[in-house]
Structure formats: C-alpha cells, structure tokens
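Enquirer: I am attaching a structure below and will ask some questions about it afterwards.
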Protein chains: 2
Amino acid sequence: MNEPFLSRTANFCDACTVRNRAICGDLDNEEIVALNAIGQRRHLSAGENLLWEGDDAVVVANVVEGMLKLSTSTADGKEQILGLAFPADFIGRPFGHSTPYSVEALTDVLVCVFRRADFDKFAREHPRLEHKLLERTLSELDRTRKWMLLLGRMTAEQRVATFLLDLSVRFPVEEEVGTQPGAFALRLSRGQIADVLGLTIETVSREFTKLKKAGVVSLPNRREVAIEDREALEDLAS
Amino acid sequence: MNEPFLSRTANFCDACTVRNRAICGDLDNEEIVALNAIGQRRHLSAGENLLWEGDDAVVVANVVEGMLKLSTSTADGKEQILGLAFPADFIGRPFGHSTPYSVEALTDVLVCVFRRADFDKFAREHPRLEHKLLERTLSELDRTRKWMLLLGRMTAEQRVATFLLDLSVRFPVEEEVGTQPGAFALRLSRGQIADVLGLTIETVSREFTKLKKAGVVSLPNRREVAIEDREALEDLAS
DNA sequence: CGACTTATTGATGCCCATCAAATCTCGTGG
DNA sequence: CCACGAGATTTGATGGGCATCAATAAGTCG
C-alpha cells in the first residue's frame, strides 16, 4: 500500500545517469512521469545524424551517453563545428521553426528524444523545467563565446593545447587499460579535431608531433593522449 | 473612475520604444509596474563601459537606444568582439556569478538597468518573463553560432561583405542628410570594425577600397556607406 | 599478407598580420 | 581664416602561419 504506485510505470528516468544534471533535474516524480510519456530513448551509432541544418525543427533531445558535434556549413561547403555535446547537454532548438545546425554522433550515443511540439508545450506548462533550460542555454552561450575567442584569435598551437586541456577535464581518466596512466581517450579522429578547431588535418598532426617532441604530451597510440607536463601545456594555451 | 489609476505612477516603460520587442513585452500592467520599481534608466556615452569581464555580475540590462559591443580578451591581451547589442537586446548574465564579457557603448546609449539579484528574483517569480528571456537567449545563441562560421571559415572579403549586409538590414535608412540616398551610417571606426570581424584595421581598409573600386559600394565619407550593387555584395558574402 | 583508411611528413604558395610611411580629417588656437 | 597637430585612414612592403598539394608511413580489417 505504501509502495509508490508510480514506480511501477516503466520509467527510464529512474535509472538515468544524467537525471540530476540535465534539465529534468528539478522535476518532481509526477512531472517526470509526464515527461517520460512524451519522450523516448534512442541509440545512435557513431557517424549517424540526429538533426540536419535547415530542417524543420521536429525534435529536441537530452544527451545521456556519448559525444556529438554541432556543425554548420558555408555556402561553398566548408564545415564549421559549433560545439560539442556531452552527457546532460540539451540539443535542438525549442520555440523555433528550423534547426540552425546539424547534429552528428561522434561516438555511439544514447539520447532522450522529444518531439519539439510536445516538448514546447510541456516546457511552457512547467516553469521549473523552463528555468533549467534557461540556465543551460545561458551557460551554453558562455561556452560558445569562449570558443569564438579560440576561433578568432588563437594560433594553431594555442587551439590544440586548449582542446587537450578541455578534453582532459571533461573525460576524467577512466580507461587506463594497459596503456599509460593518466592517458585519456581522444575518441576523435585527427580530421574531427581539425574541424572542431577550425584547422586542417595536417596542421593538427604537426602540432601533435611538436607537442610530443617537446615532451609536453605523449601519444601511446592514435586515439590516446597523456599529458606529461600540464603546466607547459597551460602556458601554450596562453 | 474608469481611468486606470496605475497610469498615474511615473512609469518610463509606457513610453519605451522597445517595450514590445524586449523581454518585458509579455508582462501585464501590474507586472510592468513591479519591474519598473526595480529598474532604472541610465545613459552611457560612447566609449563608456557597462560591464567588465570577470567582475561580479551585479547588473543586467535592456538596451533601449544605441549600440554596444560585447568583448573578451586572450591572456596576452588581444581583444575579441563576441557580438553587438542593439535596441531590445538583453545584456548581462542572470543566474550566474561573474560576467563573462565586457560591455562597452559604441555610440551614446540608453539602457534599462537592474541589479542582478533583483532581476533574478523577479524572473523566477514571473515565468512569462523567463520565457521571453529564454527565447531571446536561444536566438542570441543562434546568432553567436553564425558568427563563429564567420570567424572560423570566412575570408576577409566575405567577412566585410557579410558585415555590411548585416548593418544595412539592422539600420534601415534614416539619416539621409545631404549625402547619398541609400547610404547608411557605419557608426563604427575602422578599428572597431576590425575587432568585430577578427581582422586588422589595414585589412578592413583594403577590403573597403577593393569594394569601392569594384563599384559594389561607395563611401561618401568615413562614417557612411552606400551599397551600390547589393547582389554583387551578396555574392561576395558567399 | 595485401587493400584501404588514417596519420605523418615534406614542399610550396597565399592570405592576412605586421611594420612603416604617406595622406586625410578635424578640432584648436594663433 | 589658415596653420598646426593629433588621431584616423589609406597605401605600400615584407614575412609568417597555415592551407593546399603531394608523397610516404602506419594502422586496420578482410
């Protein structure tokens, strides 16, 4: 009798690893159930697209696992990555009619997807959720502006250094499998890194070897990096 | 008796030129009066700062008149402009502790200022205002991301062309005083334009003369531009 | 082990920053 | 009214950083 009957409802939010950090963090049980009703989980394989720039904005989503990139293109086809999305980040454009950027999974990804119309309605009816979304959007704006500094003013060396420091923070060492301690997984190809930093593959590669020769980092293998001299790297990031 | 007594309250919102477009647009009369009570108008002269990067976020503001720039700097002192603020835009960082960018008036400016703590409290109590703020923040994020494309991938020529087209849209011809018809006021020095576009003064100047020689624009004087061949300019903006 | 993808390394050239100097604009005071 | 000077803008010369083109090397998967 005392057992809360709601828990019987199949509810993937209960076990959600980003529940507290994502925009649903402030909702109570009843609200979560309602949100659950309009959302669904979806797996994406690395390389798959969730949204295409310019399409009607039909869905929004919360990232549960994995890493995605947001990108846009110039008229003449050059790609520019606008940012990366990590677990607990929110993706898509609520209250708008078209999606301003493409979203592609860089790794295998688990997202929690909502039809935009459903989400918009739900948000307007739940100010606490809207508030969370506002806070998240504001910090996303802050992060985006920091990125502008990188694209507008930093040299290739500074960009790569900044990027490595960022990643090392966002991916605390988990996967020390037989490799160097302190190493972390890059999870991005050189080409993807180049896109993120607004550089070319070749330049990224050259900067990596420069850093290696200087003893600042070591590269146990292609998809891993170990920061050997964090202070030096921070200096380079300027 | 039928005369609404509220109107007796001195209320500068009533005559506000951006009232409908700014975040206060959806508030009813009573709410406006309450908002009025915590805000105050303030004039800034061109060159004056409203916020400094890194300072405690003490105020937020609505732009009523004029044009401001948001900027940040690298550790080694190079400035990067993050964007421009026009009438009806919202400035500052609610729900945060420090201001992530500096705000400086480029022209004489009229703003409607709130202490951040007051504003935060008011916003949380008025979901309609929060919703407006959310929408505005989302479109600001869209605009900022477009700007990243400019900084990350466009050539100097494309940047200048894009900039001129943008300005011509944002400043519909008002001030045709004895100069060329269709001309509009630049209001920014070459140096300011250079900062905005992530270029140097010299490059901006060279691009301007190139455009002039190509007959795409004419420059009646230093602070004015007339677009002679919009189509060509749009092609250049790519 | 071979075919294919991804990364590294090398050579060259272009765009734009930097340094330098000439010219323009405009306010100020003689 | 004009001369003067400080700041802004334009124009010129040079160089560096990064893209581009090209070739080699290193993984990866059948």
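Naming scheme: A, B, ... for chains in displayed order of the structure tokens; residues 1 onward per chain; ligands 1 onward as shown.
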I'd like the contact shell of segment 14-25 of chain C - 8 Å cut-off, only C-alpha atoms (C1' of nucleotides), skipping same-chain residues fewer than 3 positions apart - returned as a list in words.
Expert: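 My list of contacting residues is Thr200 and Thr203 of chain B; DA8, DT9, DT10 and DT11 of chain D.
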Enquirer: Run DSSP on the backbone and grab whatever in segment 121-237 of chain A lands in helix (DSSP H, G or I); send it over as a VMD selection string.
Expert: chain A and resid 121 to 125 127 to 153 156 to 170 190 to 197 201 to 213 230 to 237
Enquirer: Distance limit 9 Å, atoms considered: only C-alpha atoms. Which chain A residues sit that close to chain B? Return them as a ChimeraX atom specification.
Expert: /A:72-76,78-83,93-96,100-101,124,127-128,130-131,133-135,137-142,144-154,197-199,238
Enquirer: Using only C-alpha atoms, what does the table of segment 14-101 of chain A residues within 12 Å of segment 159-171 of chain A look like, with each row giving the shortest atom pair and its distance in Å to one decimal, sorted by chain and ascending number, as CSV?
Expert:
```
residue,atom,partner,partner_atom,distance
A:Gly66,CA,A:Phe171,CA,11.1
A:Met67,CA,A:Arg170,CA,10.9
A:Gly83,CA,A:Phe163,CA,11.7
A:Leu84,CA,A:Leu167,CA,10.8
A:Ala85,CA,A:Arg170,CA,11.1
A:Phe86,CA,A:Arg170,CA,8.7
A:Pro87,CA,A:Arg170,CA,10.2
```
Enquirer: Just the residues within 10 Å of DC4 of chain D, please, counting only C-alpha atoms (C1' of nucleotides), with nothing from its chain fewer than 2 positions along; format it as a list in words.
Expert: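 Those residues are DT28, DG29 and DG30 of chain C; DC2 and DA6 of chain D.
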Enquirer: From a DSSP pass on the backbone, collect the residues of segment 81-137 of chain A flagged as strand (DSSP E or B) and hand them back as a list in words.
Expert: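 Of segment 81-137 of chain A, the ones in strand (DSSP E or B) are Ile81, Leu82, Gly83, Leu84, Ala85, Phe90, Ile91, Ser98, Ser102, Val103, Glu104, Ala105, Val109, Leu110, Val111, Cys112, Val113, Phe114 and Arg115 of chain A.
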